$ cat work24.cif   # mmCIF, C-alpha atoms
data_my_file
#
loop_
_atom_site.group_PDB
_atom_site.id
_atom_site.type_symbol
_atom_site.label_atom_id
_atom_site.label_comp_id
_atom_site.auth_asym_id
_atom_site.auth_seq_id
_atom_site.Cartn_x
_atom_site.Cartn_y
_atom_site.Cartn_z
ATOM 1 C CA MET A 689 -27.570 21.736 7.600
ATOM 2 C CA ALA A 690 -26.594 23.047 4.225
ATOM 3 C CA THR A 691 -23.111 22.069 3.104
ATOM 4 C CA GLU A 692 -20.827 24.089 0.893
ATOM 5 C CA THR A 693 -20.349 22.506 -2.514
ATOM 6 C CA LYS A 694 -17.058 22.720 -4.332
ATOM 7 C CA ALA A 695 -17.114 24.709 -7.576
ATOM 8 C CA SER A 696 -17.099 22.409 -10.593
ATOM 9 C CA LYS A 697 -14.034 22.375 -12.805
ATOM 10 C CA PRO A 698 -14.638 24.166 -16.124
ATOM 11 C CA PRO A 699 -14.438 22.052 -19.291
ATOM 12 C CA VAL A 700 -10.912 21.852 -20.650
ATOM 13 C CA PRO A 701 -10.433 23.133 -24.240
ATOM 14 C CA ALA A 702 -9.136 20.664 -26.788
ATOM 15 C CA ALA A 703 -5.355 20.913 -27.249
ATOM 16 C CA PRO A 704 -3.281 19.959 -30.314
ATOM 17 C CA ASP A 705 -0.342 18.580 -28.305
ATOM 18 C CA ALA A 706 0.384 16.953 -24.955
ATOM 19 C CA TRP A 707 2.113 19.932 -23.315
ATOM 20 C CA LEU A 708 -0.755 22.289 -24.077
ATOM 21 C CA ASP A 709 -3.248 19.684 -22.900
ATOM 22 C CA GLU A 710 -1.396 19.354 -19.606
ATOM 23 C CA TYR A 711 -1.278 23.133 -19.199
ATOM 24 C CA PHE A 712 -4.979 23.604 -19.980
ATOM 25 C CA ASN A 713 -5.835 20.967 -17.374
ATOM 26 C CA HIS A 714 -3.617 22.816 -14.903
ATOM 27 C CA LEU A 715 -5.371 26.139 -15.606
ATOM 28 C CA ALA A 716 -8.790 24.549 -15.231
ATOM 29 C CA THR A 717 -8.065 23.804 -11.569
ATOM 30 C CA PHE A 718 -8.071 27.484 -10.571
ATOM 31 C CA LEU A 719 -9.221 29.725 -13.451
ATOM 32 C CA SER A 720 -12.805 30.642 -14.284
ATOM 33 C CA GLN A 721 -14.259 29.474 -17.575
ATOM 34 C CA PRO A 722 -13.861 32.901 -19.298
ATOM 35 C CA SER A 723 -10.215 33.211 -18.177
ATOM 36 C CA LEU A 724 -9.449 29.655 -19.237
ATOM 37 C CA GLN A 725 -10.959 30.332 -22.648
ATOM 38 C CA SER A 726 -8.937 33.556 -23.027
ATOM 39 C CA TYR A 727 -5.622 31.855 -22.226
ATOM 40 C CA SER A 728 -6.327 28.791 -24.360
ATOM 41 C CA ARG A 729 -7.462 30.961 -27.280
ATOM 42 C CA ALA A 730 -4.260 32.987 -27.052
ATOM 43 C CA LEU A 731 -2.001 29.912 -27.048
ATOM 44 C CA LEU A 732 -3.929 28.209 -29.829
ATOM 45 C CA GLY A 733 -3.655 31.427 -31.839
ATOM 46 C CA PHE A 734 0.120 31.202 -31.690
ATOM 47 C CA TRP A 735 0.050 27.436 -32.419
ATOM 48 C CA HIS A 736 -2.040 27.898 -35.578
ATOM 49 C CA TRP A 737 0.020 30.881 -36.745
ATOM 50 C CA TYR A 738 3.249 28.894 -36.384
ATOM 51 C CA GLU A 739 1.817 25.884 -38.180
ATOM 52 C CA LYS A 740 0.620 28.089 -41.073
ATOM 53 C CA GLU A 741 3.912 30.001 -41.360
ATOM 54 C CA ARG A 742 6.419 27.184 -40.778
ATOM 55 C CA LYS A 743 4.353 24.320 -42.202
ATOM 56 C CA GLU A 744 4.819 22.303 -39.021
ATOM 57 C CA ALA A 745 3.561 22.235 -35.467
ATOM 58 C CA PRO A 746 5.596 24.230 -32.933
ATOM 59 C CA ASP A 747 8.118 22.231 -30.955
ATOM 60 C CA TRP A 748 7.950 24.150 -27.661
ATOM 61 C CA ARG A 749 11.336 22.886 -26.449
ATOM 62 C CA ASN A 750 13.201 24.247 -29.473
ATOM 63 C CA LEU A 751 11.497 27.595 -30.129
ATOM 64 C CA GLN A 752 13.719 30.671 -29.895
ATOM 65 C CA ARG A 753 13.149 34.320 -29.074
ATOM 66 C CA HIS A 754 13.142 35.261 -32.769
ATOM 67 C CA ASP A 755 10.121 32.981 -33.327
ATOM 68 C CA PHE A 756 8.058 35.022 -30.891
ATOM 69 C CA ARG A 757 9.361 38.316 -32.260
ATOM 70 C CA ALA A 758 8.258 37.175 -35.717
ATOM 71 C CA TYR A 759 4.819 36.427 -34.293
ATOM 72 C CA LEU A 760 4.709 39.839 -32.599
ATOM 73 C CA HIS A 761 5.331 41.590 -35.924
ATOM 74 C CA SER A 762 3.170 39.271 -38.028
ATOM 75 C CA PRO A 763 0.144 40.627 -39.966
ATOM 76 C CA ASP A 764 -2.044 38.259 -37.918
ATOM 77 C CA LEU A 765 -1.131 40.066 -34.709
ATOM 78 C CA ARG A 766 -0.616 43.600 -35.991
ATOM 79 C CA LYS A 767 -4.318 43.938 -36.722
ATOM 80 C CA LYS A 768 -5.159 43.039 -33.108
ATOM 81 C CA SER A 769 -5.639 45.573 -30.333
ATOM 82 C CA HIS A 770 -2.802 46.370 -27.912
ATOM 83 C CA ALA A 771 -4.740 44.654 -25.118
ATOM 84 C CA THR A 772 -5.108 41.463 -27.193
ATOM 85 C CA ILE A 773 -1.401 41.404 -28.045
ATOM 86 C CA ARG A 774 -0.475 41.754 -24.385
ATOM 87 C CA LEU A 775 -2.863 38.939 -23.491
ATOM 88 C CA GLN A 776 -1.301 36.720 -26.165
ATOM 89 C CA PHE A 777 2.155 37.149 -24.680
ATOM 90 C CA ALA A 778 0.924 36.956 -21.085
ATOM 91 C CA ALA A 779 -0.458 33.521 -21.959
ATOM 92 C CA LEU A 780 2.783 32.470 -23.659
ATOM 93 C CA ARG A 781 4.898 33.637 -20.696
ATOM 94 C CA SER A 782 2.619 31.826 -18.268
ATOM 95 C CA PHE A 783 2.802 28.637 -20.330
ATOM 96 C CA TYR A 784 6.598 28.719 -20.415
ATOM 97 C CA ARG A 785 6.793 29.429 -16.661
ATOM 98 C CA PHE A 786 4.704 26.296 -16.216
ATOM 99 C CA LEU A 787 7.124 24.275 -18.374
ATOM 100 C CA VAL A 788 10.167 25.631 -16.528
ATOM 101 C CA ASP A 789 8.564 24.923 -13.131
ATOM 102 C CA ARG A 790 7.861 21.350 -14.247
ATOM 103 C CA GLY A 791 11.467 20.882 -15.344
ATOM 104 C CA ARG A 792 10.624 20.519 -19.031
ATOM 105 C CA LEU A 793 12.793 23.491 -19.998
ATOM 106 C CA GLU A 794 15.629 25.413 -18.374
ATOM 107 C CA SER A 795 14.488 28.881 -19.440
ATOM 108 C CA SER A 796 11.730 30.692 -21.302
ATOM 109 C CA PRO A 797 12.384 31.914 -24.862
ATOM 110 C CA VAL A 798 9.580 34.473 -24.461
ATOM 111 C CA LYS A 799 11.509 36.295 -21.748
ATOM 112 C CA GLY A 800 12.917 39.539 -23.080
ATOM 113 C CA VAL A 801 10.425 39.916 -25.925
ATOM 114 C CA LYS A 802 9.209 43.481 -25.478
ATOM 115 C CA ILE A 803 5.556 44.234 -26.133
ATOM 116 C CA PRO A 804 4.440 47.648 -27.430
ATOM 117 C CA GLN A 805 3.161 49.829 -24.612
ATOM 118 C CA LEU A 806 -0.555 50.474 -24.436
ATOM 119 C CA PRO A 807 -1.386 54.070 -25.289
ATOM 120 C CA LYS A 808 -2.361 56.040 -22.206
ATOM 121 C CA ARG A 809 -6.080 56.673 -22.152
ATOM 122 C CA LEU A 810 -7.908 59.168 -20.008
ATOM 123 C CA VAL A 811 -10.313 57.493 -17.617
ATOM 124 C CA LYS A 812 -14.009 58.246 -17.847
ATOM 125 C CA TYR A 813 -15.694 59.416 -14.688
ATOM 126 C CA PHE A 814 -18.928 60.982 -13.469
ATOM 127 C CA SER A 815 -18.944 64.668 -12.611
ATOM 128 C CA THR A 816 -20.275 65.577 -9.166
ATOM 129 C CA PRO A 817 -23.680 66.658 -10.580
ATOM 130 C CA GLU A 818 -23.878 63.364 -12.522
ATOM 131 C CA ILE A 819 -23.188 61.451 -9.308
ATOM 132 C CA GLU A 820 -26.070 63.295 -7.641
ATOM 133 C CA THR A 821 -28.364 62.523 -10.587
ATOM 134 C CA LEU A 822 -27.444 58.830 -10.553
ATOM 135 C CA MET A 823 -27.902 58.475 -6.789
ATOM 136 C CA ALA A 824 -31.315 60.122 -6.969
ATOM 137 C CA ALA A 825 -32.648 57.944 -9.821
ATOM 138 C CA PRO A 826 -33.627 54.849 -7.749
ATOM 139 C CA SER A 827 -35.176 57.027 -5.018
ATOM 140 C CA LYS A 828 -37.845 58.530 -7.274
ATOM 141 C CA PRO A 829 -41.406 57.498 -6.345
ATOM 142 C CA LEU A 830 -42.478 54.155 -7.760
ATOM 143 C CA PRO A 831 -45.900 53.544 -9.343
ATOM 144 C CA LYS A 832 -48.733 52.906 -6.864
ATOM 145 C CA ASN A 833 -48.985 49.293 -8.038
ATOM 146 C CA ALA A 834 -45.276 48.627 -7.393
ATOM 147 C CA ARG A 835 -44.582 45.533 -5.297
ATOM 148 C CA ALA A 836 -42.741 45.573 -1.981
ATOM 149 C CA PHE A 837 -39.683 43.856 -3.446
ATOM 150 C CA GLU A 838 -39.291 46.675 -5.990
ATOM 151 C CA THR A 839 -39.012 49.180 -3.163
ATOM 152 C CA LEU A 840 -36.488 46.904 -1.464
ATOM 153 C CA PHE A 841 -34.354 46.543 -4.603
ATOM 154 C CA CYS A 842 -34.405 50.294 -5.218
ATOM 155 C CA SER A 843 -33.137 50.807 -1.673
ATOM 156 C CA ARG A 844 -30.471 48.156 -2.224
ATOM 157 C CA ASP A 845 -29.365 49.772 -5.481
ATOM 158 C CA ILE A 846 -28.978 53.157 -3.793
ATOM 159 C CA ALA A 847 -26.899 51.536 -1.037
ATOM 160 C CA MET A 848 -24.686 49.768 -3.591
ATOM 161 C CA PHE A 849 -24.129 52.914 -5.662
ATOM 162 C CA GLU A 850 -23.371 54.978 -2.569
ATOM 163 C CA THR A 851 -20.973 52.363 -1.194
ATOM 164 C CA MET A 852 -19.090 51.878 -4.452
ATOM 165 C CA TYR A 853 -18.608 55.614 -4.869
ATOM 166 C CA SER A 854 -17.943 56.295 -1.189
ATOM 167 C CA CYS A 855 -15.267 53.595 -0.924
ATOM 168 C CA GLY A 856 -13.959 53.334 -4.493
ATOM 169 C CA LEU A 857 -14.530 49.587 -4.604
ATOM 170 C CA ARG A 858 -14.108 47.215 -7.506
ATOM 171 C CA ILE A 859 -17.375 45.535 -8.445
ATOM 172 C CA SER A 860 -16.095 42.166 -7.172
ATOM 173 C CA GLU A 861 -15.183 43.776 -3.843
ATOM 174 C CA LEU A 862 -18.597 45.422 -3.562
ATOM 175 C CA CYS A 863 -20.516 42.216 -4.278
ATOM 176 C CA GLY A 864 -18.211 40.274 -1.950
ATOM 177 C CA LEU A 865 -18.812 42.449 1.118
ATOM 178 C CA ARG A 866 -20.083 40.640 4.222
ATOM 179 C CA ALA A 867 -22.005 42.203 7.101
ATOM 180 C CA LYS A 868 -19.057 41.752 9.437
ATOM 181 C CA ASP A 869 -16.935 43.864 7.043
ATOM 182 C CA VAL A 870 -19.007 46.992 7.693
ATOM 183 C CA GLY A 871 -17.822 48.751 10.845
ATOM 184 C CA VAL A 872 -20.828 50.927 11.632
ATOM 185 C CA GLU A 873 -19.345 52.524 14.750
ATOM 186 C CA ARG A 874 -15.863 53.068 13.298
ATOM 187 C CA ARG A 875 -17.224 53.993 9.859
ATOM 188 C CA LEU A 876 -14.753 51.716 8.133
ATOM 189 C CA VAL A 877 -15.208 48.951 5.585
ATOM 190 C CA PHE A 878 -12.912 45.922 5.494
ATOM 191 C CA VAL A 879 -12.162 44.919 1.892
ATOM 192 C CA ARG A 880 -10.594 41.807 0.409
ATOM 193 C CA GLY A 881 -8.971 42.935 -2.826
ATOM 194 C CA LYS A 882 -6.881 41.529 -5.659
ATOM 195 C CA GLY A 883 -3.952 39.299 -4.862
ATOM 196 C CA LYS A 884 -5.401 38.596 -1.393
ATOM 197 C CA ARG A 885 -4.534 42.161 -0.368
ATOM 198 C CA GLN A 886 -6.728 43.476 2.424
ATOM 199 C CA ARG A 887 -7.452 47.063 3.383
ATOM 200 C CA GLU A 888 -9.743 49.197 5.535
ATOM 201 C CA ILE A 889 -11.479 52.117 3.865
ATOM 202 C CA PRO A 890 -13.484 54.987 5.371
ATOM 203 C CA ILE A 891 -17.155 54.939 4.396
ATOM 204 C CA GLY A 892 -19.134 58.163 4.161
ATOM 205 C CA GLU A 893 -22.284 58.884 6.125
ATOM 206 C CA PRO A 894 -24.621 58.829 3.072
ATOM 207 C CA ALA A 895 -23.403 55.361 2.099
ATOM 208 C CA LEU A 896 -23.612 54.029 5.654
ATOM 209 C CA ASP A 897 -27.106 55.464 6.099
ATOM 210 C CA ALA A 898 -28.175 53.907 2.790
ATOM 211 C CA ILE A 899 -26.922 50.467 3.894
ATOM 212 C CA LEU A 900 -28.698 50.693 7.264
ATOM 213 C CA HIS A 901 -31.929 51.854 5.612
ATOM 214 C CA TYR A 902 -31.767 48.920 3.185
ATOM 215 C CA TRP A 903 -31.116 46.495 6.034
ATOM 216 C CA ARG A 904 -34.189 47.766 7.922
ATOM 217 C CA LEU A 905 -36.363 46.688 4.975
ATOM 218 C CA LEU A 906 -35.114 43.085 5.166
ATOM 219 C CA PRO A 907 -36.835 40.383 7.239
ATOM 220 C CA ARG A 908 -33.696 40.229 9.398
ATOM 221 C CA ARG A 909 -30.589 42.348 9.560
ATOM 222 C CA PRO A 910 -27.539 40.747 7.897
ATOM 223 C CA ALA A 911 -24.831 39.656 10.327
ATOM 224 C CA GLY A 912 -21.517 37.814 10.255
ATOM 225 C CA ASP A 913 -20.816 36.233 6.862
ATOM 226 C CA THR A 914 -24.182 37.203 5.395
ATOM 227 C CA PRO A 915 -23.694 39.332 2.255
ATOM 228 C CA VAL A 916 -24.293 43.045 2.697
ATOM 229 C CA PHE A 917 -26.322 43.193 -0.534
ATOM 230 C CA LEU A 918 -28.713 40.319 -1.129
ATOM 231 C CA ALA A 919 -29.910 39.061 -4.494
ATOM 232 C CA ARG A 920 -33.201 37.932 -2.941
ATOM 233 C CA ARG A 921 -35.204 39.179 0.013
ATOM 234 C CA LYS A 922 -35.094 35.950 2.007
ATOM 235 C CA ARG A 923 -31.960 34.238 0.686
ATOM 236 C CA ASP A 924 -28.424 34.884 1.886
ATOM 237 C CA VAL A 925 -26.991 35.075 -1.625
ATOM 238 C CA SER A 926 -25.053 38.150 -2.693
ATOM 239 C CA VAL A 927 -25.872 40.239 -5.744
ATOM 240 C CA SER A 928 -23.709 39.102 -8.668
ATOM 241 C CA PRO A 929 -21.528 41.579 -10.582
ATOM 242 C CA ARG A 930 -23.630 40.912 -13.677
ATOM 243 C CA VAL A 931 -26.905 41.771 -11.941
ATOM 244 C CA PHE A 932 -25.369 44.898 -10.419
ATOM 245 C CA GLN A 933 -24.192 46.005 -13.865
ATOM 246 C CA GLN A 934 -27.696 45.478 -15.271
ATOM 247 C CA ARG A 935 -29.249 47.495 -12.429
ATOM 248 C CA LEU A 936 -26.758 50.314 -12.961
ATOM 249 C CA GLN A 937 -27.571 50.435 -16.681
ATOM 250 C CA LYS A 938 -31.265 50.581 -15.836
ATOM 251 C CA TRP A 939 -30.877 53.620 -13.606
ATOM 252 C CA ILE A 940 -28.427 55.357 -15.948
ATOM 253 C CA LYS A 941 -31.047 55.054 -18.683
ATOM 254 C CA LYS A 942 -33.856 56.291 -16.425
ATOM 255 C CA ALA A 943 -31.735 59.252 -15.366
ATOM 256 C CA GLY A 944 -31.191 60.187 -19.018
ATOM 257 C CA MET A 945 -27.427 59.771 -18.742
ATOM 258 C CA GLU A 946 -24.964 58.323 -21.259
ATOM 259 C CA GLU A 947 -25.689 54.616 -21.683
ATOM 260 C CA GLY A 948 -23.133 51.814 -21.815
ATOM 261 C CA LEU A 949 -21.138 53.027 -18.821
ATOM 262 C CA THR A 950 -19.608 50.359 -16.603
ATOM 263 C CA PRO A 951 -19.687 50.104 -12.791
ATOM 264 C CA HIS A 952 -15.949 50.788 -12.820
ATOM 265 C CA LYS A 953 -16.765 54.367 -13.725
ATOM 266 C CA LEU A 954 -17.952 54.879 -10.127
ATOM 267 C CA ARG A 955 -14.517 53.739 -8.915
ATOM 268 C CA HIS A 956 -12.847 56.084 -11.401
ATOM 269 C CA SER A 957 -15.065 58.901 -10.139
ATOM 270 C CA TYR A 958 -14.055 58.208 -6.543
ATOM 271 C CA ALA A 959 -10.333 58.376 -7.345
ATOM 272 C CA THR A 960 -10.640 61.317 -9.723
ATOM 273 C CA HIS A 961 -12.606 63.421 -7.244
ATOM 274 C CA LEU A 962 -10.081 62.661 -4.485
ATOM 275 C CA VAL A 963 -7.146 63.724 -6.654
ATOM 276 C CA ASP A 964 -9.062 66.774 -7.860
ATOM 277 C CA CYS A 965 -9.442 67.845 -4.219
ATOM 278 C CA ASP A 966 -5.685 67.553 -3.624
ATOM 279 C CA ALA A 967 -5.512 64.071 -2.089
ATOM 280 C CA ASP A 968 -1.946 62.771 -2.480
ATOM 281 C CA LEU A 969 -1.442 59.875 -4.871
ATOM 282 C CA ARG A 970 0.127 57.600 -2.256
ATOM 283 C CA SER A 971 -3.026 57.789 -0.112
ATOM 284 C CA VAL A 972 -5.274 57.246 -3.120
ATOM 285 C CA GLN A 973 -3.168 54.215 -4.061
ATOM 286 C CA GLU A 974 -3.766 52.672 -0.628
ATOM 287 C CA LEU A 975 -7.487 53.449 -0.723
ATOM 288 C CA LEU A 976 -7.865 51.856 -4.152
ATOM 289 C CA GLY A 977 -5.756 48.833 -3.253
ATOM 290 C CA HIS A 978 -3.342 49.323 -6.152
ATOM 291 C CA ALA A 979 -0.136 47.305 -5.898
ATOM 292 C CA HIS A 980 1.859 49.942 -7.791
ATOM 293 C CA LEU A 981 1.728 53.726 -7.682
ATOM 294 C CA ALA A 982 2.052 53.841 -11.479
ATOM 295 C CA THR A 983 -1.467 52.382 -11.742
ATOM 296 C CA THR A 984 -2.839 55.262 -9.690
ATOM 297 C CA GLU A 985 -1.099 57.900 -11.793
ATOM 298 C CA ILE A 986 -3.814 57.719 -14.470
ATOM 299 C CA TYR A 987 -5.888 59.978 -12.224
ATOM 300 C CA THR A 988 -3.408 62.842 -12.303
ATOM 301 C CA HIS A 989 -4.883 64.062 -15.596
ATOM 302 C CA VAL A 990 -7.664 65.730 -13.664
ATOM 303 C CA ALA A 991 -5.322 67.618 -11.383
ATOM 304 C CA THR A 992 -3.280 68.674 -14.421
ATOM 305 C CA GLY A 993 -6.400 69.857 -16.195
ATOM 306 C CA ARG A 994 -7.496 71.857 -13.172
ATOM 307 C CA LEU A 995 -4.065 73.488 -12.885
ATOM 308 C CA MET A 996 -4.230 74.469 -16.550
ATOM 309 C CA GLN A 997 -7.580 76.155 -15.939
ATOM 310 C CA VAL A 998 -6.151 78.059 -12.971
ATOM 311 C CA TYR A 999 -3.136 79.064 -15.059
ATOM 312 C CA LYS A 1000 -5.243 80.322 -17.958
ATOM 313 C CA ARG A 1001 -7.523 82.218 -15.603
ATOM 314 C CA ALA A 1002 -4.799 83.785 -13.482
ATOM 315 C CA HIS A 1003 -1.707 84.300 -15.627
ATOM 316 C CA PRO A 1004 -1.614 87.518 -17.682
ATOM 317 C CA ARG A 1005 0.345 85.831 -20.473
ATOM 318 C CA ALA A 1006 -1.503 82.541 -20.522
#

$ encode --input "work24.cif" --output "structure tokens"
Amino acid sequence: MATETKASKPPVPAAPDAWLDEYFNHLATFLSQPSLQSYSRALLGFWHWYEKERKEAPDWRNLQRHDFRAYLHSPDLRKKSHATIRLQFAALRSFYRFLVDRGRLESSPVKGVKIPQLPKRLVKYFSTPEIETLMAAPSKPLPKNARAFETLFCSRDIAMFETMYSCGLRISELCGLRAKDVGVERRLVFVRGKGKRQREIPIGEPALDAILHYWRLLPRRPAGDTPVFLARRKRDVSVSPRVFQQRLQKWIKKAGMEEGLTPHKLRHSYATHLVDCDADLRSVQELLGHAHLATTEIYTHVATGRLMQVYKRAHPRA
């Protein structure tokens, strides 16, 4: 019987002092390698800036709020993007929470340092005709010499696209679906989201039909904890987010659509189309699994745009 192996601990970045070394080792117990690298890079960025500016290594126990404000307004940081600046301070806050929790310090000097707000950006989404074009791309006839697995993977891709758009899933949620999560009779999908939040989402008939058609092409129908979307025909391993992204790019290119679009655009399309058809934001928030309504409010730009069109078309003084 196969046994589940524990994920290996990612290599710990080199640290210039004992407190950072202890914190990096702590992060390595639960963060992925990319996340660990991001946090360590952010903290080392501050460490090297301080050493260059003050001609000495930072003494974490004696730093004050003005030190971090100076860093925030430094030329080194001003040339960074808003997202990078917020990551820098998220790492610093997390590090100081760790020190406070361990009893090294009584309070965090980073607390109260206000970060510039990210400019609001309009989300990119597929129009309804673009959705139709994308969904149709993998269903086009394959060459006569195409192998059976190519037909299977095309069917799987259609099912994944349909499910992501029908349910508004994050890519991690889509790839993490198990057969037991798909309620065929109830037409609901059980989703494990961020922060261990769970939700049930309606799934449309086209998506459900696409899943069932894909399953009929497999040697055996997935059940229980078997992934809904398999990376291989005869192995119970789920499609990885990276592979799904590559498949999406392939079909976007074949459909002659704008290249470089991410899978998250299907989630944006789901939410945007709901709001555009007068779904209330509170319901959309629950469907998306957002912790805060403010996160969902980015989709109101579509409704506002549609109202402006109605106004210009209908008002005599528009």

$ resolve_selection --input "work24.cif" --expression "the PyMOL selection byres ((chain A and resi 933) around 10)" --output "PyMOL selection string"
chain A and resi 859+928-932+934-938+948-952

$ closest_residue --input "work24.cif" --among "A:Val870, A:Leu918, A:Ala779, A:Ser971" --to "Glu985 (chain A)" --atoms "all atoms listed in the file"
A:Ser971

$ residues_near_point --input "work24.cif" --point "(-24.5, 63.5, -7.8)" --cutoff "12 Å" --atoms "all atoms listed in the file" --output "PDB file with C-alpha atoms, in the coordinates of the input"
ATOM      1  CA  TYR A 813     -15.694  59.416 -14.688  1.00  0.00           C
ATOM      2  CA  PHE A 814     -18.928  60.982 -13.469  1.00  0.00           C
ATOM      3  CA  SER A 815     -18.944  64.668 -12.611  1.00  0.00           C
ATOM      4  CA  THR A 816     -20.275  65.577  -9.166  1.00  0.00           C
ATOM      5  CA  PRO A 817     -23.680  66.658 -10.580  1.00  0.00           C
ATOM      6  CA  GLU A 818     -23.878  63.364 -12.522  1.00  0.00           C
ATOM      7  CA  ILE A 819     -23.188  61.451  -9.308  1.00  0.00           C
ATOM      8  CA  GLU A 820     -26.070  63.295  -7.641  1.00  0.00           C
ATOM      9  CA  THR A 821     -28.364  62.523 -10.587  1.00  0.00           C
ATOM     10  CA  LEU A 822     -27.444  58.830 -10.553  1.00  0.00           C
ATOM     11  CA  MET A 823     -27.902  58.475  -6.789  1.00  0.00           C
ATOM     12  CA  ALA A 824     -31.315  60.122  -6.969  1.00  0.00           C
ATOM     13  CA  ALA A 825     -32.648  57.944  -9.821  1.00  0.00           C
ATOM     14  CA  ILE A 846     -28.978  53.157  -3.793  1.00  0.00           C
ATOM     15  CA  PHE A 849     -24.129  52.914  -5.662  1.00  0.00           C
ATOM     16  CA  GLU A 850     -23.371  54.978  -2.569  1.00  0.00           C
ATOM     17  CA  TYR A 853     -18.608  55.614  -4.869  1.00  0.00           C
ATOM     18  CA  SER A 854     -17.943  56.295  -1.189  1.00  0.00           C
ATOM     19  CA  PRO A 894     -24.621  58.829   3.072  1.00  0.00           C
ATOM     20  CA  ALA A 943     -31.735  59.252 -15.366  1.00  0.00           C
ATOM     21  CA  MET A 945     -27.427  59.771 -18.742  1.00  0.00           C
ATOM     22  CA  LEU A 954     -17.952  54.879 -10.127  1.00  0.00           C
ATOM     23  CA  SER A 957     -15.065  58.901 -10.139  1.00  0.00           C
ATOM     24  CA  TYR A 958     -14.055  58.208  -6.543  1.00  0.00           C
ATOM     25  CA  HIS A 961     -12.606  63.421  -7.244  1.00  0.00           C
TER      26      HIS A 961
END

$ closest_residue --input "work24.cif" --among "A:Phe756, A:Tyr738, A:His714, A:Arg844" --to "Phe783 (chain A)" --atoms "all atoms listed in the file"
A:His714

$ residues_around --input "work24.cif" --residues "region 702-705 of chain A" --least-positions-apart "2" --cutoff "9 Å" --atoms "only C-alpha atoms" --output "list in words"
Val700, Trp707, Leu708, Asp709, Glu710, Phe712, Ser728, Leu732, Trp735 and Ala745 of chain A

$ atom_distance --input "work24.cif" --atom1 "CA of Ala867 (chain A)" --atom2 "CA of Val925 (chain A)"
12.3 Å

$ resolve_selection --input "work24.cif" --expression "the PyMOL selection byres ((chain A and resi 879) around 8)" --output "PyMOL selection string"
chain A and resi 861+865+869+877-878+880-881+886-889

$ resolve_selection --input "work24.cif" --expression "the PyMOL selection byres ((chain A and resi 721) around 10)" --output "short mmCIF file (atom, residue, chain, number, x, y, z; two decimals) with C-alpha atoms, in the coordinates of the input"
data_model
loop_
_atom_site.label_atom_id
_atom_site.label_comp_id
_atom_site.auth_asym_id
_atom_site.auth_seq_id
_atom_site.Cartn_x
_atom_site.Cartn_y
_atom_site.Cartn_z
CA LYS A 697 -14.03 22.38 -12.80
CA PRO A 698 -14.64 24.17 -16.12
CA PRO A 699 -14.44 22.05 -19.29
CA VAL A 700 -10.91 21.85 -20.65
CA PRO A 701 -10.43 23.13 -24.24
CA LEU A 715 -5.37 26.14 -15.61
CA ALA A 716 -8.79 24.55 -15.23
CA PHE A 718 -8.07 27.48 -10.57
CA LEU A 719 -9.22 29.72 -13.45
CA SER A 720 -12.80 30.64 -14.28
CA PRO A 722 -13.86 32.90 -19.30
CA SER A 723 -10.22 33.21 -18.18
CA LEU A 724 -9.45 29.66 -19.24
CA GLN A 725 -10.96 30.33 -22.65
CA SER A 726 -8.94 33.56 -23.03
#

$ atom_distance --input "work24.cif" --atom1 "CA of Arg858 (chain A)" --atom2 "CA of Leu976 (chain A)"
8.5 Å
